>>> print(open('start-v6.pdb').read())   # PDB, C-alpha atoms and all ligand atoms
ATOM      1  CA  MET A1128       3.330 -41.165 -34.630
ATOM      2  CA  ARG A1129       3.387 -37.401 -34.910
ATOM      3  CA  ALA A1130       0.496 -37.490 -37.374
ATOM      4  CA  VAL A1131      -1.525 -39.529 -34.910
ATOM      5  CA  PHE A1132      -0.981 -36.926 -32.197
ATOM      6  CA  ALA A1133      -1.852 -34.134 -34.567
ATOM      7  CA  ALA A1134      -5.050 -35.928 -35.609
ATOM      8  CA  LEU A1135      -5.894 -36.547 -31.972
ATOM      9  CA  ALA A1136      -5.339 -32.922 -31.041
ATOM     10  CA  LEU A1137      -7.541 -31.844 -33.930
ATOM     11  CA  ALA A1138     -10.278 -34.280 -32.932
ATOM     12  CA  VAL A1139     -10.202 -32.952 -29.360
ATOM     13  CA  ALA A1140     -10.291 -29.377 -30.593
ATOM     14  CA  PHE A1141     -13.352 -30.080 -32.726
ATOM     15  CA  ALA A1142     -15.110 -32.145 -30.099
ATOM     16  CA  MET A1143     -14.777 -29.374 -27.497
ATOM     17  CA  PRO A1144     -14.645 -26.099 -29.374
ATOM     18  CA  HIS A1145     -15.549 -24.094 -26.272
ATOM     19  CA  MET A1146     -13.225 -25.814 -23.887
ATOM     20  CA  ALA A1147     -10.766 -22.912 -23.748
ATOM     21  CA  LEU A1148     -13.600 -20.389 -23.338
ATOM     22  CA  ALA A1149     -15.659 -21.715 -20.462
ATOM     23  CA  GLN A1150     -18.753 -19.734 -19.451
ATOM     24  CA  GLY A1151     -17.524 -17.027 -17.111
ATOM     25  CA  ASP A1152     -19.097 -15.307 -14.130
ATOM     26  CA  PRO A1153     -19.653 -11.564 -14.716
ATOM     27  CA  ALA A1154     -19.521 -10.694 -10.983
ATOM     28  CA  SER A1155     -16.032 -12.191 -10.680
ATOM     29  CA  GLY A1156     -15.108 -10.630 -14.001
ATOM     30  CA  ALA A1157     -16.045  -7.195 -12.645
ATOM     31  CA  LYS A1158     -13.312  -7.603 -10.008
ATOM     32  CA  ALA A1159     -10.782  -8.392 -12.717
ATOM     33  CA  TYR A1160     -11.917  -5.171 -14.422
ATOM     34  CA  TYR A1161     -10.542  -2.998 -11.566
ATOM     35  CA  ILE A1162      -7.140  -3.005 -13.262
ATOM     36  CA  CYS A1163      -8.689  -1.860 -16.575
ATOM     37  CA  TYR A1164     -10.356   1.131 -14.892
ATOM     38  CA  ASN A1165      -6.932   2.764 -14.555
ATOM     39  CA  CYS A1166      -6.672   3.173 -18.319
ATOM     40  CA  HIS A1167     -10.189   2.825 -19.761
ATOM     41  CA  SER A1168     -13.625   4.391 -19.335
ATOM     42  CA  LEU A1169     -16.951   2.758 -20.191
ATOM     43  CA  GLU A1170     -18.372   6.207 -20.942
ATOM     44  CA  PRO A1171     -18.504   6.948 -24.691
ATOM     45  CA  GLY A1172     -15.932   9.549 -25.791
ATOM     46  CA  VAL A1173     -13.908   9.511 -22.547
ATOM     47  CA  HIS A1174     -10.373   8.501 -23.519
ATOM     48  CA  LEU A1175      -7.660   7.960 -20.905
ATOM     49  CA  THR A1176      -4.380   6.095 -21.498
ATOM     50  CA  GLY A1177      -6.488   3.756 -23.609
ATOM     51  CA  PRO A1178      -9.644   4.390 -25.659
ATOM     52  CA  SER A1179     -13.167   4.385 -24.210
ATOM     53  CA  LEU A1180     -14.408   0.792 -24.323
ATOM     54  CA  ALA A1181     -18.068   1.824 -24.741
ATOM     55  CA  GLY A1182     -19.834  -0.154 -27.466
ATOM     56  CA  LEU A1183     -16.690  -2.092 -28.405
ATOM     57  CA  TRP A1184     -18.320  -5.550 -28.501
ATOM     58  CA  GLY A1185     -18.357  -6.729 -32.147
ATOM     59  CA  LYS A1186     -16.562  -3.589 -33.367
ATOM     60  CA  LYS A1187     -13.410  -3.609 -35.529
ATOM     61  CA  ALA A1188     -10.223  -3.355 -33.470
ATOM     62  CA  GLY A1189      -8.522   0.051 -33.364
ATOM     63  CA  SER A1190     -11.529   2.038 -34.566
ATOM     64  CA  VAL A1191     -12.907   3.971 -31.584
ATOM     65  CA  GLU A1192     -13.812   7.456 -32.757
ATOM     66  CA  GLY A1193     -11.871  10.344 -31.236
ATOM     67  CA  PHE A1194      -9.034   8.229 -29.806
ATOM     68  CA  THR A1195      -5.882   9.511 -31.503
ATOM     69  CA  ARG A1196      -3.180   7.475 -29.763
ATOM     70  CA  TYR A1197      -3.623   3.999 -31.248
ATOM     71  CA  SER A1198      -0.514   2.104 -32.298
ATOM     72  CA  GLN A1199      -0.319   1.718 -36.066
ATOM     73  CA  ALA A1200      -0.456  -2.037 -35.485
ATOM     74  CA  LEU A1201      -3.836  -2.024 -33.727
ATOM     75  CA  GLN A1202      -5.252   0.506 -36.152
ATOM     76  CA  ALA A1203      -4.310  -1.784 -39.046
ATOM     77  CA  ALA A1204      -5.780  -4.912 -37.380
ATOM     78  CA  GLU A1205      -8.497  -6.530 -39.471
ATOM     79  CA  PHE A1206     -10.529  -8.355 -36.852
ATOM     80  CA  ALA A1207     -13.498  -7.523 -34.620
ATOM     81  CA  TRP A1208     -13.771  -7.894 -30.830
ATOM     82  CA  THR A1209     -15.488 -11.163 -29.897
ATOM     83  CA  GLU A1210     -15.062 -13.717 -27.073
ATOM     84  CA  GLN A1211     -12.240 -15.327 -29.046
ATOM     85  CA  THR A1212     -10.265 -12.230 -29.984
ATOM     86  CA  LEU A1213     -10.667 -10.694 -26.517
ATOM     87  CA  ASP A1214      -9.415 -13.920 -24.949
ATOM     88  CA  ALA A1215      -6.321 -13.871 -27.166
ATOM     89  CA  TRP A1216      -5.802 -10.131 -26.456
ATOM     90  CA  PHE A1217      -5.863 -10.582 -22.665
ATOM     91  CA  LYS A1218      -3.716 -13.713 -22.833
ATOM     92  CA  ASP A1219      -0.963 -11.871 -24.693
ATOM     93  CA  PRO A1220      -1.754  -8.583 -26.499
ATOM     94  CA  LYS A1221       1.543  -8.574 -28.375
ATOM     95  CA  ALA A1222       1.084 -12.145 -29.611
ATOM     96  CA  LEU A1223      -2.294 -11.188 -31.099
ATOM     97  CA  VAL A1224      -1.144  -7.797 -32.432
ATOM     98  CA  PRO A1225       2.648  -7.451 -32.617
ATOM     99  CA  ARG A1226       3.801  -3.870 -31.760
ATOM    100  CA  SER A1227       0.563  -2.950 -30.064
ATOM    101  CA  THR A1228       1.110  -0.906 -26.902
ATOM    102  CA  MET A1229      -1.312  -2.084 -24.209
ATOM    103  CA  ILE A1230       0.509  -3.295 -21.100
ATOM    104  CA  LEU A1231      -1.320  -6.017 -19.195
ATOM    105  CA  ARG A1232      -0.131  -8.521 -16.624
ATOM    106  CA  ASN A1233      -1.579 -11.452 -14.702
ATOM    107  CA  MET A1234      -4.105 -12.634 -17.254
ATOM    108  CA  GLU A1235      -2.552 -16.007 -18.001
ATOM    109  CA  HIS A1236      -5.317 -17.849 -16.105
ATOM    110  CA  ALA A1237      -8.041 -18.927 -18.591
ATOM    111  CA  GLY A1238     -10.717 -18.864 -15.863
ATOM    112  CA  VAL A1239      -9.933 -15.250 -14.981
ATOM    113  CA  ARG A1240     -10.202 -14.287 -18.660
ATOM    114  CA  ALA A1241     -13.515 -16.152 -19.060
ATOM    115  CA  ASN A1242     -14.981 -14.224 -16.105
ATOM    116  CA  LEU A1243     -13.647 -10.915 -17.415
ATOM    117  CA  ILE A1244     -15.106 -11.583 -20.859
ATOM    118  CA  ALA A1245     -18.514 -12.504 -19.370
ATOM    119  CA  PHE A1246     -18.442  -9.106 -17.651
ATOM    120  CA  LEU A1247     -17.280  -7.305 -20.813
ATOM    121  CA  LYS A1248     -20.104  -8.838 -22.841
ATOM    122  CA  ILE A1249     -22.399  -6.622 -20.744
ATOM    123  CA  ALA A1250     -20.023  -3.661 -20.221
ATOM    124  CA  LEU A1251     -19.061  -3.322 -23.908
ATOM    125  CA  GLY A1252     -22.623  -3.865 -25.150
ATOM    126  CA  PRO A1253     -25.273  -1.171 -25.757
ATOM    127  CA  GLY A1254     -25.607   1.170 -22.751
ATOM    128  CA  GLY A1255     -22.890  -0.863 -21.030
ATOM    129  CA  ARG A1256     -21.832   1.703 -18.444
ATOM    130  CA  ALA A1257     -25.369   2.142 -17.074
ATOM    131  CA  GLU A1258     -26.060  -1.581 -17.348
ATOM    132  CA  VAL A1259     -23.101  -2.777 -15.223
ATOM    133  CA  VAL A1260     -24.032  -0.215 -12.565
ATOM    134  CA  ALA A1261     -27.745  -1.201 -12.677
ATOM    135  CA  GLN A1262     -26.824  -4.872 -12.303
ATOM    136  CA  GLY A1263     -24.650  -4.046  -9.280
ATOM    137  CA  LEU A1264     -21.511  -5.360 -10.965
ATOM    138  CA  LEU A1265     -19.434  -2.173 -10.807
ATOM    139  CA  SER A1266     -19.632   1.226  -9.088
ATOM    140  CA  ASP A1267     -20.380   4.197 -11.295
ATOM    141  CA  GLU A1268     -16.947   5.600 -10.407
ATOM    142  CA  HIS A1269     -15.176   2.482 -11.666
ATOM    143  CA  ALA A1270     -17.352   2.425 -14.791
ATOM    144  CA  MET A1271     -16.299   6.011 -15.506
ATOM    145  CA  GLY A1272     -12.596   5.142 -15.257
ATOM    146  CA  ARG A1273      -9.751   6.920 -13.473
ATOM    147  CA  VAL A1274     -10.430  10.342 -14.971
ATOM    148  CA  PRO A1275      -7.912  12.934 -13.738
ATOM    149  CA  LYS A1276      -9.250  15.762 -11.560
ATOM    150  CA  ALA A1277     -10.149  18.982 -13.340
ATOM    151  CA  LEU A1278      -7.532  21.692 -12.720
ATOM    152  CA  ARG A1279      -9.488  24.842 -13.662
ATOM    153  CA  ASP A1280     -10.279  25.972 -10.138
ATOM    154  CA  ALA A1281      -7.266  24.933  -8.128
ATOM    155  CA  ALA A1282      -6.887  26.198  -4.541
ATOM    156  CA  PRO A1283      -4.265  28.974  -3.961
ATOM    157  CA  ASP A1284      -1.730  26.503  -2.525
ATOM    158  CA  ARG A1285      -1.896  24.667  -5.883
ATOM    159  CA  GLN A1286      -1.725  27.702  -8.196
ATOM    160  CA  VAL A1287       1.867  28.040  -9.384
ATOM    161  CA  THR A1288       3.141  31.608  -9.593
ATOM    162  CA  GLY A1289       6.812  30.893 -10.317
ATOM    163  CA  ILE A1290       9.410  28.164 -10.730
ATOM    164  CA  ARG A1291      13.148  28.579 -10.120
ATOM    165  CA  HIS A1292      15.904  26.070 -10.744
ATOM    166  CA  CYS A1293      18.899  26.232  -8.438
ATOM    167  CA  GLY A1294      21.534  23.524  -7.981
ATOM    168  CA  ASP A1295      19.654  20.235  -8.098
ATOM    169  CA  ALA A1296      16.373  21.754  -6.905
ATOM    170  CA  TYR A1297      13.258  23.385  -8.212
ATOM    171  CA  VAL A1298      11.677  26.026  -6.005
ATOM    172  CA  VAL A1299       7.962  26.265  -6.735
ATOM    173  CA  SER A1300       6.079  29.367  -5.544
ATOM    174  CA  THR A1301       2.325  29.188  -5.137
ATOM    175  CA  ALA A1302      -0.453  31.770  -4.791
ATOM    176  CA  ASP A1303      -0.681  31.246  -1.019
ATOM    177  CA  GLY A1304       2.834  32.710  -0.723
ATOM    178  CA  ALA A1305       4.558  29.385  -0.020
ATOM    179  CA  GLU A1306       7.762  28.105  -1.645
ATOM    180  CA  THR A1307       8.286  24.372  -1.903
ATOM    181  CA  LEU A1308      11.590  22.735  -2.795
ATOM    182  CA  PHE A1309      11.767  19.590  -4.910
ATOM    183  CA  TRP A1310      14.735  17.502  -5.980
ATOM    184  CA  GLU A1311      14.813  18.099  -9.752
ATOM    185  CA  ARG A1312      14.319  14.383 -10.375
ATOM    186  CA  ASN A1313      11.047  14.453  -8.432
ATOM    187  CA  LEU A1314       9.261  17.290 -10.204
ATOM    188  CA  HIS A1315       7.425  16.385 -13.388
ATOM    189  CA  PHE A1316       6.297  18.842 -16.054
ATOM    190  CA  LYS A1317       3.094  17.966 -17.877
ATOM    191  CA  THR A1318       0.521  19.585 -20.106
ATOM    192  CA  ASP A1319      -3.234  19.200 -20.462
ATOM    193  CA  ALA A1320      -4.717  21.248 -23.276
ATOM    194  CA  GLY A1321      -8.168  19.670 -22.772
ATOM    195  CA  ASP A1322     -11.241  20.598 -20.702
ATOM    196  CA  ARG A1323      -9.777  19.169 -17.540
ATOM    197  CA  GLY A1324      -6.500  21.063 -17.871
ATOM    198  CA  PRO A1325      -5.592  24.351 -16.136
ATOM    199  CA  ARG A1326      -6.575  27.754 -17.508
ATOM    200  CA  PRO A1327      -3.984  29.219 -19.922
ATOM    201  CA  GLY A1328      -1.177  30.891 -17.967
ATOM    202  CA  HIS A1329      -2.245  29.252 -14.688
ATOM    203  CA  PRO A1330      -0.178  26.110 -14.143
ATOM    204  CA  VAL A1331      -1.189  23.876 -11.251
ATOM    205  CA  LEU A1332       0.879  21.876  -8.778
ATOM    206  CA  VAL A1333      -0.371  18.295  -8.336
ATOM    207  CA  GLU A1334       1.058  15.856  -5.819
ATOM    208  CA  ILE A1335       1.872  12.420  -7.160
ATOM    209  CA  GLY A1336       2.569   9.267  -5.201
ATOM    210  CA  SER A1337       1.924   8.947  -1.497
ATOM    211  CA  VAL A1338       5.245  10.010  -0.007
ATOM    212  CA  GLY A1339       4.783  13.752  -0.476
ATOM    213  CA  ASP A1340       8.151  14.502  -2.076
ATOM    214  CA  ARG A1341       6.952  14.163  -5.669
ATOM    215  CA  ALA A1342       4.739  16.444  -7.696
ATOM    216  CA  SER A1343       3.841  17.536 -11.197
ATOM    217  CA  VAL A1344       3.305  21.008 -12.518
ATOM    218  CA  VAL A1345       0.605  20.845 -15.170
ATOM    219  CA  PHE A1346       0.550  23.578 -17.837
ATOM    220  CA  ALA A1347      -2.248  24.453 -20.242
ATOM    221  CA  SER A1348       0.028  24.102 -23.282
ATOM    222  CA  PRO A1349       3.582  23.093 -24.262
ATOM    223  CA  ALA A1350       4.309  26.714 -25.252
ATOM    224  CA  GLU A1351       4.090  27.697 -21.579
ATOM    225  CA  LEU A1352       6.784  25.186 -20.678
ATOM    226  CA  ALA A1353       9.475  27.126 -22.499
ATOM    227  CA  LEU A1354       8.877  30.242 -20.385
ATOM    228  CA  ALA A1355       8.205  28.588 -17.082
ATOM    229  CA  VAL A1356      11.527  28.142 -15.331
ATOM    230  CA  GLU A1357      13.971  30.808 -14.162
ATOM    231  CA  HIS A1358      17.577  29.856 -13.537
ATOM    232  CA  THR A1359      18.407  31.861 -10.454
ATOM    233  CA  CYS A1360      19.771  31.072  -7.055
ATOM    234  CA  PRO A1361      19.254  33.441  -4.129
TER     235      PRO A1361
HETATM  236  C1  LIG B1401      -1.775   0.664 -18.575
HETATM  237  C2  LIG B1401      -2.961   1.039 -19.318
HETATM  238  C3  LIG B1401      -3.932  -0.047 -19.744
HETATM  239  C4  LIG B1401      -4.502  -1.023 -18.962
HETATM  240  C5  LIG B1401      -4.259  -1.342 -17.504
HETATM  241  C6  LIG B1401      -5.452  -1.707 -19.822
HETATM  242  N1  LIG B1401      -5.430  -1.161 -21.075
HETATM  243 FE1  LIG B1401      -6.561  -1.777 -22.639
HETATM  244  N2  LIG B1401      -5.566  -0.484 -23.863
HETATM  245  C7  LIG B1401      -4.591   0.415 -23.472
HETATM  246  C8  LIG B1401      -4.028   1.076 -24.625
HETATM  247  C9  LIG B1401      -2.942   2.136 -24.626
HETATM  248  C10 LIG B1401      -4.707   0.530 -25.744
HETATM  249  C11 LIG B1401      -4.408   0.850 -27.212
HETATM  250  C12 LIG B1401      -3.283  -0.097 -27.647
HETATM  251  C13 LIG B1401      -2.730   0.152 -29.039
HETATM  252  O1  LIG B1401      -3.110   1.148 -29.678
HETATM  253  O2  LIG B1401      -1.900  -0.666 -29.480
HETATM  254  C14 LIG B1401      -5.661  -0.431 -25.231
HETATM  255  C15 LIG B1401      -6.557  -1.159 -26.010
HETATM  256  C16 LIG B1401      -7.535  -1.998 -25.523
HETATM  257  C17 LIG B1401      -8.524  -2.675 -26.325
HETATM  258  C18 LIG B1401      -8.686  -2.538 -27.835
HETATM  259  C19 LIG B1401      -9.455  -1.244 -28.113
HETATM  260  C20 LIG B1401      -9.812  -1.015 -29.562
HETATM  261  O3  LIG B1401     -10.316   0.076 -29.856
HETATM  262  O4  LIG B1401      -9.598  -1.886 -30.408
HETATM  263  C21 LIG B1401      -9.311  -3.400 -25.471
HETATM  264  C22 LIG B1401     -10.492  -4.283 -25.830
HETATM  265  C23 LIG B1401      -8.808  -3.186 -24.138
HETATM  266  N3  LIG B1401      -7.739  -2.342 -24.210
HETATM  267  C24 LIG B1401      -9.370  -3.727 -22.996
HETATM  268  C25 LIG B1401      -8.755  -3.667 -21.747
HETATM  269  C26 LIG B1401      -9.245  -4.368 -20.580
HETATM  270  C27 LIG B1401     -10.549  -5.139 -20.495
HETATM  271  C28 LIG B1401      -8.337  -4.154 -19.597
HETATM  272  C29 LIG B1401      -8.291  -4.754 -18.214
HETATM  273  C30 LIG B1401      -8.136  -6.185 -18.151
HETATM  274  C31 LIG B1401      -7.318  -3.257 -20.128
HETATM  275  N4  LIG B1401      -7.612  -2.998 -21.425
HETATM  276  C32 LIG B1401      -6.260  -2.750 -19.391
HETATM  277  C33 LIG B1401      -4.205   0.654 -22.167
HETATM  278  C34 LIG B1401      -4.513  -0.153 -21.077
END
>>> encode(input="start-v6.pdb", output="structure tokens")
Amino acid sequence: MRAVFAALALAVAFAMPHMALAQGDPASGAKAYYICYNCHSLEPGVHLTGPSLAGLWGKKAGSVEGFTRYSQALQAAEFAWTEQTLDAWFKDPKALVPRSTMILRNMEHAGVRANLIAFLKIALGPGGRAEVVAQGLLSDEHAMGRVPKALRDAAPDRQVTGIRHCGDAYVVSTADGAETLFWERNLHFKTDAGDRGPRPGHPVLVEIGSVGDRASVVFASPAELALAVEHTCP
């Protein structure tokens, strides 16, 4: 009996090889891409949390030039990106590549994946960023990805001139003469040594979240972190 079912399943699979990958609609797929924009750019060489997806169609997995934060697992993967592998990746990245690190939710619907892949066929093809904008599928801003703001020329109220730790608070002084208090759990310390980071020696205060009680201080290098905070209470 089991053999009969197996044979039947096989026959169905062969009769309808494309059943699982129905033709998708790129315009609907572009909407599904909004979540990807948080971590990926379609501009070549622009790497965010994830690598630039420019020109990825047909390319070997884990091989985008200049992206240095791949998991070992994805780097070692031996397949190329096609309709089939992308579908498996979006369905469950860790099932396709165990120990890979991309976090993705809400892609269990095959129709949603088919639409997304129809969109990606254009977006990940030659000149994809310009093409999706030209076809009216995606705004140029979304095609570029959520690139953090450049911090070189921060306004005085963002330029950090001193940081003190006292009790459970950080007191952050800025170039406009203000002092702002943060609960120590709400102030994040970050670095950006790249083009978009602050100038050396000029850390910048950046608000995070929408409530107004959380912020990051971004430094130009980790070496600056060690010298940044004084432990004094008035
Ligand atoms: C939270 C951040 C995040 C989101 C959201 C995200 N990705 Fe990723 N993506 C990553 C990271 C990180 C990697 C590298 C994973 C690794 O190295 O294991 C990756 C890898 C990939 C790869 C393989 C790249 C390569 O060079 O082989 C593809 C394709 C991809 N993502 C497409 C997408 C698409 C399309 C979406 C939206 C449906 C999406 N990602 C959403 C972070 C994200």
>>> closest_residue(input="start-v6.pdb", among="A:Arg1256, A:Lys1158, A:Lys1187, A:Arg1273", to="ligand LIG 1401 (chain B)", atoms="only C-alpha atoms and all ligand atoms")
A:Lys1187
>>> resolve_selection(input="start-v6.pdb", expression="the PyMOL selection byres (((not hetatm)) within 6 of (chain B and resi 1401))", output="list of chain:residue names")
A:Tyr1160, A:Ile1162, A:Cys1163, A:Asn1165, A:Cys1166, A:Thr1176, A:Gly1177, A:Ala1188, A:Gly1189, A:Ser1190, A:Val1191, A:Tyr1197, A:Ser1198, A:Leu1201, A:Ser1227, A:Thr1228, A:Met1229, A:Ile1230, A:Leu1231
>>> closest_residue(input="start-v6.pdb", among="A:Gln1199, A:Ser1266, A:Ser1343, A:Gln1150", to="Arg1240 (chain A)", atoms="all atoms listed in the file")
A:Gln1150
>>> residues_around(input="start-v6.pdb", residues="region 1319-1321 of chain A", least_positions_apart="4", cutoff="9 Å", atoms="all atoms listed in the file", output="JSON, numbers by chain")
{"A": [1325, 1326, 1327, 1345, 1346, 1347, 1348, 1349]}
>>> resolve_selection(input="start-v6.pdb", expression="the PyMOL selection byres (((chain A and resi 1355-1361) around 9) and not hetatm)", output="PDB file with C-alpha atoms, in the coordinates of the input")
ATOM      1  CA  GLY A1289       6.812  30.893 -10.317  1.00  0.00           C
ATOM      2  CA  ILE A1290       9.410  28.164 -10.730  1.00  0.00           C
ATOM      3  CA  ARG A1291      13.148  28.579 -10.120  1.00  0.00           C
ATOM      4  CA  HIS A1292      15.904  26.070 -10.744  1.00  0.00           C
ATOM      5  CA  CYS A1293      18.899  26.232  -8.438  1.00  0.00           C
ATOM      6  CA  GLY A1294      21.534  23.524  -7.981  1.00  0.00           C
ATOM      7  CA  TYR A1297      13.258  23.385  -8.212  1.00  0.00           C
ATOM      8  CA  GLU A1351       4.090  27.697 -21.579  1.00  0.00           C
ATOM      9  CA  LEU A1352       6.784  25.186 -20.678  1.00  0.00           C
ATOM     10  CA  ALA A1353       9.475  27.126 -22.499  1.00  0.00           C
ATOM     11  CA  LEU A1354       8.877  30.242 -20.385  1.00  0.00           C
TER      12      LEU A1354
END
>>> atom_distance(input="start-v6.pdb", atom1="CA of Gly1252 (chain A)", atom2="CA of Asp1322 (chain A)")
27.3 Å
>>> closest_residue(input="start-v6.pdb", among="A:Arg1312, A:Ala1350, A:Val1331, A:Asn1242", to="Ser1155 (chain A)", atoms="all atoms listed in the file")
A:Asn1242
>>> resolve_selection(input="start-v6.pdb", expression="the PyMOL selection byres (((chain A and resi 1316) around 6) and not hetatm)", output="PyMOL selection string")
chain A and resi 1315+1317+1343-1344
>>> build_atoms(input="start-v6.pdb", residues="region 1201-1213 of chain A", atoms="N, CA, C and O atoms", output="JSON list (two decimals), keeping the file's coordinate frame")
[["chain", "number", "residue", "atom", "x", "y", "z"],
["A", 1201, "LEU", "N", -2.44, -1.73, -34.08],
["A", 1201, "LEU", "CA", -3.84, -2.02, -33.73],
["A", 1201, "LEU", "C", -4.80, -1.37, -34.71],
["A", 1201, "LEU", "O", -5.82, -1.94, -35.07],
["A", 1202, "GLN", "N", -4.41, -0.18, -35.18],
["A", 1202, "GLN", "CA", -5.25, 0.51, -36.15],
["A", 1202, "GLN", "C", -5.39, -0.31, -37.45],
["A", 1202, "GLN", "O", -6.43, -0.30, -38.08],
["A", 1203, "ALA", "N", -4.31, -1.01, -37.79],
["A", 1203, "ALA", "CA", -4.31, -1.78, -39.05],
["A", 1203, "ALA", "C", -4.92, -3.17, -38.87],
["A", 1203, "ALA", "O", -5.10, -3.89, -39.85],
["A", 1204, "ALA", "N", -5.25, -3.56, -37.63],
["A", 1204, "ALA", "CA", -5.78, -4.91, -37.38],
["A", 1204, "ALA", "C", -7.11, -5.09, -38.11],
["A", 1204, "ALA", "O", -7.90, -4.16, -38.20],
["A", 1205, "GLU", "N", -7.33, -6.30, -38.61],
["A", 1205, "GLU", "CA", -8.50, -6.53, -39.47],
["A", 1205, "GLU", "C", -9.55, -7.41, -38.82],
["A", 1205, "GLU", "O", -10.33, -8.03, -39.50],
["A", 1206, "PHE", "N", -9.55, -7.48, -37.50],
["A", 1206, "PHE", "CA", -10.53, -8.36, -36.85],
["A", 1206, "PHE", "C", -11.45, -7.54, -35.95],
["A", 1206, "PHE", "O", -11.18, -6.38, -35.66],
["A", 1207, "ALA", "N", -12.55, -8.18, -35.53],
["A", 1207, "ALA", "CA", -13.50, -7.52, -34.62],
["A", 1207, "ALA", "C", -13.36, -8.14, -33.23],
["A", 1207, "ALA", "O", -12.83, -9.23, -33.08],
["A", 1208, "TRP", "N", -13.87, -7.42, -32.21],
["A", 1208, "TRP", "CA", -13.77, -7.89, -30.83],
["A", 1208, "TRP", "C", -14.92, -8.84, -30.50],
["A", 1208, "TRP", "O", -16.08, -8.44, -30.48],
["A", 1209, "THR", "N", -14.54, -10.11, -30.27],
["A", 1209, "THR", "CA", -15.49, -11.16, -29.90],
["A", 1209, "THR", "C", -14.90, -11.88, -28.68],
["A", 1209, "THR", "O", -13.79, -11.55, -28.25],
["A", 1210, "GLU", "N", -15.62, -12.90, -28.17],
["A", 1210, "GLU", "CA", -15.06, -13.72, -27.07],
["A", 1210, "GLU", "C", -13.65, -14.20, -27.42],
["A", 1210, "GLU", "O", -12.74, -14.11, -26.60],
["A", 1211, "GLN", "N", -13.51, -14.70, -28.66],
["A", 1211, "GLN", "CA", -12.24, -15.33, -29.05],
["A", 1211, "GLN", "C", -11.11, -14.31, -29.14],
["A", 1211, "GLN", "O", -10.03, -14.53, -28.60],
["A", 1212, "THR", "N", -11.36, -13.19, -29.81],
["A", 1212, "THR", "CA", -10.26, -12.23, -29.98],
["A", 1212, "THR", "C", -9.93, -11.55, -28.66],
["A", 1212, "THR", "O", -8.76, -11.29, -28.36],
["A", 1213, "LEU", "N", -10.95, -11.30, -27.83],
["A", 1213, "LEU", "CA", -10.67, -10.69, -26.52],
["A", 1213, "LEU", "C", -9.83, -11.65, -25.66],
["A", 1213, "LEU", "O", -8.90, -11.24, -24.98]]
